[in-house]
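input_11.csv (CSV, C-alpha atoms and all ligand atoms)
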```csv
chain,number,residue,atom,x,y,z
A,39,MET,CA,-86.7,14.7,33.0
A,40,VAL,CA,-85.2,13.0,36.0
A,41,GLU,CA,-84.7,9.9,34.0
A,42,ILE,CA,-82.9,11.7,31.3
A,43,SER,CA,-80.7,13.5,33.8
A,44,LEU,CA,-79.8,10.2,35.5
A,45,LEU,CA,-79.0,8.7,32.1
A,46,GLY,CA,-76.8,11.6,31.2
A,47,LEU,CA,-75.1,11.6,34.6
A,48,GLY,CA,-74.5,7.8,34.3
A,49,LEU,CA,-73.1,8.3,30.8
A,50,GLY,CA,-70.9,11.1,32.0
A,51,VAL,CA,-69.5,9.1,34.9
A,52,THR,CA,-68.9,6.2,32.6
A,53,LEU,CA,-67.0,8.3,30.1
A,54,THR,CA,-65.0,9.9,32.8
A,55,LEU,CA,-64.0,6.6,34.4
A,56,LEU,CA,-63.1,5.3,30.9
A,57,ALA,CA,-60.9,8.3,30.3
A,58,VAL,CA,-59.2,7.9,33.6
A,59,ALA,CA,-58.7,4.2,33.0
A,60,LEU,CA,-57.2,4.9,29.5
A,61,HIS,CA,-55.0,7.6,31.0
A,62,PHE,CA,-53.5,5.3,33.6
A,63,SER,CA,-53.2,2.3,31.2
A,64,ARG,CA,-51.2,4.4,28.7
A,65,GLY,CA,-49.1,6.1,31.3
A,66,THR,CA,-48.0,3.0,33.0
A,67,ALA,CA,-47.6,0.5,30.1
A,68,TRP,CA,-44.9,2.5,28.2
A,69,THR,CA,-41.4,2.8,29.6
A,70,PRO,CA,-38.6,4.5,27.8
A,71,SER,CA,-35.9,2.1,26.4
A,72,ALA,CA,-32.5,2.3,27.9
A,73,ASP,CA,-30.2,5.0,26.5
A,74,ILE,CA,-27.5,3.0,24.6
A,75,SER,CA,-25.9,5.9,22.8
A,76,GLN,CA,-22.9,5.9,25.2
A,77,ASP,CA,-22.5,2.2,24.6
A,78,VAL,CA,-22.5,2.6,20.9
A,79,LEU,CA,-20.0,5.5,21.0
A,80,GLU,CA,-17.7,3.4,23.2
A,81,ARG,CA,-17.9,0.4,21.0
A,82,ARG,CA,-17.1,2.4,17.9
A,83,ALA,CA,-14.2,4.1,19.7
A,84,SER,CA,-12.8,0.7,20.6
A,85,THR,CA,-12.6,-0.2,16.9
A,86,VAL,CA,-10.4,2.8,16.0
A,87,PRO,CA,-6.8,1.7,15.9
A,88,GLU,CA,-4.4,3.2,18.4
A,89,THR,CA,-1.6,5.1,16.6
A,90,ASP,CA,1.5,7.1,17.7
A,91,PHE,CA,0.2,10.1,15.9
A,92,PRO,CA,-0.6,13.2,17.9
A,93,GLU,CA,-4.3,13.5,18.6
A,94,PRO,CA,-5.3,15.9,15.8
A,95,MET,CA,-3.7,13.7,13.1
A,96,ASN,CA,-5.1,10.6,14.7
A,97,ARG,CA,-8.5,12.0,14.3
A,98,SER,CA,-8.0,13.1,10.7
A,99,ILE,CA,-6.5,9.9,9.5
A,100,GLY,CA,-7.9,7.2,11.7
A,101,GLY,CA,-11.3,8.7,12.0
A,102,GLY,CA,-14.5,6.7,12.4
A,103,GLY,CA,-14.8,6.4,8.6
A,104,VAL,CA,-12.2,3.6,8.5
A,105,ALA,CA,-13.3,1.9,11.7
A,106,ALA,CA,-14.6,-1.1,9.8
A,107,GLY,CA,-11.2,-1.9,8.5
A,108,ALA,CA,-9.5,-1.4,11.8
A,109,VAL,CA,-9.3,-5.1,12.6
A,110,GLY,CA,-7.0,-5.7,9.7
A,111,GLY,CA,-5.1,-2.4,10.3
A,112,GLY,CA,-2.3,-4.0,12.2
A,113,GLU,CA,-1.6,-6.5,9.6
A,114,GLU,CA,-1.5,-3.9,6.9
A,115,GLY,CA,0.9,-1.9,8.9
A,116,GLY,CA,3.1,-4.9,9.2
A,117,GLU,CA,3.1,-5.4,5.4
A,118,LEU,CA,4.0,-1.8,4.9
A,119,GLU,CA,6.9,-2.1,7.3
A,120,GLY,CA,8.0,-5.3,5.4
A,121,GLU,CA,7.9,-3.4,2.1
A,122,ALA,CA,9.9,-0.6,3.5
A,123,GLU,CA,12.5,-3.2,4.6
A,124,GLU,CA,12.5,-4.7,1.1
A,125,GLU,CA,13.1,-1.3,-0.4
A,126,SER,CA,16.2,-0.9,1.7
A,127,THR,CA,17.7,-4.0,0.1
A,128,SER,CA,18.0,-2.2,-3.3
A,129,PRO,CA,21.6,-2.4,-4.6
A,130,ALA,CA,21.4,1.4,-4.9
A,131,ASP,CA,21.3,1.6,-1.1
A,132,ILE,CA,24.6,-0.3,-0.6
A,133,PRO,CA,26.7,2.1,1.5
A,134,GLU,CA,30.0,3.3,-0.1
A,135,ASP,CA,32.2,1.5,2.4
A,136,GLU,CA,30.6,-1.8,1.4
A,137,VAL,CA,30.7,-1.3,-2.3
A,138,GLU,CA,32.3,-3.8,-4.7
A,139,TYR,CA,33.5,-3.1,-8.2
A,140,PHE,CA,33.3,-5.3,-11.2
A,141,GLU,CA,34.8,-5.0,-14.7
A,142,VAL,CA,32.1,-4.4,-17.3
A,143,GLU,CA,33.2,-4.5,-20.9
A,144,TYR,CA,30.9,-2.3,-23.0
A,145,ALA,CA,31.5,-4.1,-26.3
A,146,LYS,CA,30.1,-1.5,-28.8
A,147,GLN,CA,32.0,1.3,-27.1
A,148,GLY,CA,35.1,-0.8,-27.0
A,149,SER,CA,35.8,0.1,-23.4
A,150,THR,CA,36.0,-1.7,-20.1
A,151,VAL,CA,34.8,0.2,-17.0
A,152,GLU,CA,34.9,-0.5,-13.3
A,153,VAL,CA,31.3,-0.4,-12.2
A,154,ALA,CA,30.2,-0.3,-8.5
A,155,ASN,CA,27.5,-2.7,-7.4
A,156,ASN,CA,25.4,0.2,-6.3
A,157,GLU,CA,25.4,1.8,-9.8
A,158,THR,CA,23.4,0.7,-12.8
A,159,LEU,CA,25.0,-0.3,-16.1
A,160,LEU,CA,23.2,2.6,-17.7
A,161,GLU,CA,24.5,5.2,-15.2
A,162,ALA,CA,28.0,3.8,-15.4
A,163,GLY,CA,27.9,4.2,-19.2
A,164,GLU,CA,26.5,7.7,-19.0
A,165,ASP,CA,29.3,8.6,-16.6
A,166,GLU,CA,31.6,7.7,-19.4
A,167,GLY,CA,29.8,10.3,-21.6
A,168,TRP,CA,28.1,7.7,-23.8
A,169,ASP,CA,24.7,8.4,-25.2
A,170,LEU,CA,22.9,5.2,-24.2
A,171,PRO,CA,19.2,4.6,-24.9
A,172,TYR,CA,16.7,4.8,-22.1
A,173,ALA,CA,13.2,6.1,-21.4
A,174,CYS,CA,11.5,5.2,-18.1
A,175,ARG,CA,14.6,4.4,-16.1
A,176,GLN,CA,12.4,2.2,-13.9
A,177,GLY,CA,12.4,-1.2,-15.5
A,178,GLN,CA,9.1,-0.7,-17.1
A,179,CYS,CA,9.9,-0.5,-20.8
A,180,VAL,CA,12.7,-2.0,-22.9
A,181,SER,CA,14.3,1.2,-24.2
A,182,CYS,CA,17.5,0.6,-22.3
A,183,ALA,CA,17.7,-3.1,-23.0
A,184,GLY,CA,21.1,-4.7,-23.6
A,185,GLN,CA,22.5,-8.2,-23.7
A,186,VAL,CA,25.1,-9.8,-21.5
A,187,THR,CA,27.2,-11.8,-23.9
A,188,SER,CA,29.4,-13.5,-21.3
A,189,GLY,CA,27.2,-16.6,-21.6
A,190,GLY,CA,24.1,-17.8,-19.8
A,191,ASN,CA,21.5,-16.0,-17.8
A,192,SER,CA,21.9,-12.2,-17.4
A,193,GLU,CA,21.0,-12.6,-13.7
A,194,ASP,CA,24.1,-14.6,-13.1
A,195,TYR,CA,25.9,-11.3,-13.8
A,196,VAL,CA,23.6,-8.5,-12.7
A,197,VAL,CA,20.9,-7.9,-10.0
A,198,HIS,CA,17.8,-6.4,-11.5
A,199,ASP,CA,16.1,-4.0,-9.1
A,200,ASP,CA,12.5,-4.6,-9.9
A,201,GLN,CA,12.5,-5.1,-13.7
A,202,GLN,CA,9.0,-6.0,-15.0
A,203,MET,CA,9.5,-6.5,-18.7
A,204,LEU,CA,11.9,-9.5,-19.4
A,205,ASP,CA,10.6,-13.0,-18.9
A,206,ASP,CA,12.7,-16.0,-17.8
A,207,GLY,CA,13.5,-17.0,-21.4
A,208,GLU,CA,14.8,-13.6,-22.3
A,209,LEU,CA,16.8,-13.3,-19.1
A,210,GLY,CA,18.2,-16.8,-19.9
A,211,GLU,CA,19.4,-15.4,-23.3
A,212,GLY,CA,21.4,-12.7,-21.4
A,213,TYR,CA,19.0,-9.8,-21.9
A,214,THR,CA,19.0,-7.1,-19.3
A,215,LEU,CA,17.4,-3.8,-18.6
A,216,THR,CA,20.5,-1.6,-18.0
A,217,CYS,CA,18.6,1.1,-16.1
A,218,VAL,CA,17.9,-1.3,-13.2
A,219,ALA,CA,20.8,-3.7,-13.6
A,220,TYR,CA,23.6,-3.6,-11.0
A,221,PRO,CA,26.7,-5.7,-11.6
A,222,LYS,CA,27.5,-8.7,-9.3
A,223,SER,CA,30.2,-10.2,-11.5
A,224,ASP,CA,32.5,-9.1,-14.3
A,225,LEU,CA,30.6,-9.2,-17.6
A,226,THR,CA,30.5,-8.1,-21.3
A,227,LEU,CA,27.6,-6.0,-22.4
A,228,GLU,CA,26.1,-5.2,-25.8
A,229,THR,CA,24.1,-2.1,-25.3
A,230,GLY,CA,21.1,-1.3,-27.5
A,231,GLU,CA,20.1,-5.0,-27.8
A,232,ALA,CA,16.4,-5.8,-27.2
A,233,PRO,CA,14.9,-9.2,-27.3
B,1,LIG,S1,14.5,2.7,-19.5
B,1,LIG,FE1,12.7,1.7,-19.4
B,1,LIG,S2,13.2,-0.2,-18.7
B,1,LIG,FE2,15.1,0.9,-18.7
```
What's the structure tokens form of this structure?
Ligand code: FES
Amino acid sequence: MVEISLLGLGLGVTLTLLAVALHFSRGTAWTPSADISQDVLERRASTVPETDFPEPMNRSIGGGGVAAGAVGGGEEGGELEGEAEEESTSPADIPEDEVEYFEVEYAKQGSTVEVANNETLLEAGEDEGWDLPYACRQGQCVSCAGQVTSGGNSEDYVVHDDQQMLDDGELGEGYTLTCVAYPKSDLTLETGEAP
């Protein structure tokens, strides 16, 4: 009996020591990793572009969702500004005190009209009460096409404000889109003539 008790006691002590050893080995080996959440937040915040918008709009537009594109944001902004400047070079924006007038002979109508260089050939004809053809009025179809018959390239006589339909050959034959054509010289125009 005594032997069994000693064996049991020894076993108990051994298990207890083992449990204590395990407890300390686990408790001291693990250390929590550093809290980097603040670093992550600050790094993400640094990628959001600064804007002049008031804070609420800044948040709604600039938000974290577009942070990845923030590096190129400045360049895009520059391009947009450039485009805005290009738009302001449209002949339509020529102020009245800088306007020049040119003699445009509308051959089919048998009339010559003074047309300002901030007015399209189509508008000037409509101002005369003529029913001239058109559709998009944006240089994206050929409904309003006409032909400058003064000789040579139509762009020697008009400025096209963003026409997208006529190629160099057609321009060279004098064709023009009257809805986006502003005179820069006297000219003779056949309306209703498409290439
Ligand atoms: S109306 Fe469409 S290009 Fe002039």
Please identify all polymer residues within 6 Å of Asn155 in chain A, counting all atoms listed in the file, omitting same-chain residues fewer than 4 positions from it, and present them as a count of residues only.
-> 3
Within 12 Å of Glu208 in chain A, counting all atoms listed in the file, which residues show up once you throw out same-chain ones fewer than 3 positions away? Write them as number ranges by chain, please.
-> A: 180, 183-186, 190-193, 203-205, 211-215, 231-233
Taking only residues of chain A that have an atom at most 10 Å from an atom of ligand LIG 1 (chain B), what is each one's shortest atom pair and its distance in Å to one decimal, using only C-alpha atoms and all ligand atoms, in chain and number order, as a tab-separated table?
```
residue	atom	partner	partner_atom	distance
A:Leu160	CA	B:LIG1	FE2	8.3
A:Leu170	CA	B:LIG1	S1	9.9
A:Pro171	CA	B:LIG1	S1	7.4
A:Tyr172	CA	B:LIG1	S1	4.0
A:Ala173	CA	B:LIG1	S1	4.1
A:Cys174	CA	B:LIG1	FE1	3.9
A:Arg175	CA	B:LIG1	S1	3.8
A:Gln176	CA	B:LIG1	S2	5.4
A:Gly177	CA	B:LIG1	S2	3.4
A:Gln178	CA	B:LIG1	S2	4.4
A:Cys179	CA	B:LIG1	FE1	3.8
A:Val180	CA	B:LIG1	S2	4.6
A:Ser181	CA	B:LIG1	S1	4.9
A:Cys182	CA	B:LIG1	FE2	4.3
A:Ala183	CA	B:LIG1	FE2	6.4
A:Gly184	CA	B:LIG1	FE2	9.6
A:Asp200	CA	B:LIG1	S2	9.9
A:Gln201	CA	B:LIG1	S2	7.0
A:Gln202	CA	B:LIG1	S2	8.1
A:Met203	CA	B:LIG1	S2	7.3
A:Leu204	CA	B:LIG1	S2	9.4
A:Thr214	CA	B:LIG1	FE2	8.9
A:Leu215	CA	B:LIG1	FE2	5.2
A:Thr216	CA	B:LIG1	FE2	6.0
A:Cys217	CA	B:LIG1	FE2	4.4
A:Val218	CA	B:LIG1	FE2	6.6
A:Ala219	CA	B:LIG1	FE2	8.9
```
State, in Å with one decimal place, the distance from CA of Tyr144 in chain A to CA of Leu159 in chain A.
-> 9.3 Å
Just give me the gap between CA of Lys146 in chain A and CA of Gly230 in chain A in Å, one decimal is fine.
->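 These two atoms are separated by 9.1 Å.
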Identify which of the residues A:Lys222, A:Ser84, A:Asp206, A:Gly167 lies closest to Ala154 in chain A, counting only C-alpha atoms when measuring atom-to-atom distances.
->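 Between A:Lys222, A:Ser84, A:Asp206, A:Gly167, the residue approaching Ala154 in chain A most closely is A:Lys222.
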Point-to-point distance from CA of Asp224 in chain A to CA of Phe140 in chain A, Å rounded to tenths =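 Rounded to one decimal, the two atoms are 5.0 Å apart.
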Which of A:Glu152, A:Glu161, A:Asp194, A:Asp135 sits closest to Ser223 in chain A [using only C-alpha atoms] |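 Nearest to Ser223 in chain A: A:Asp194.
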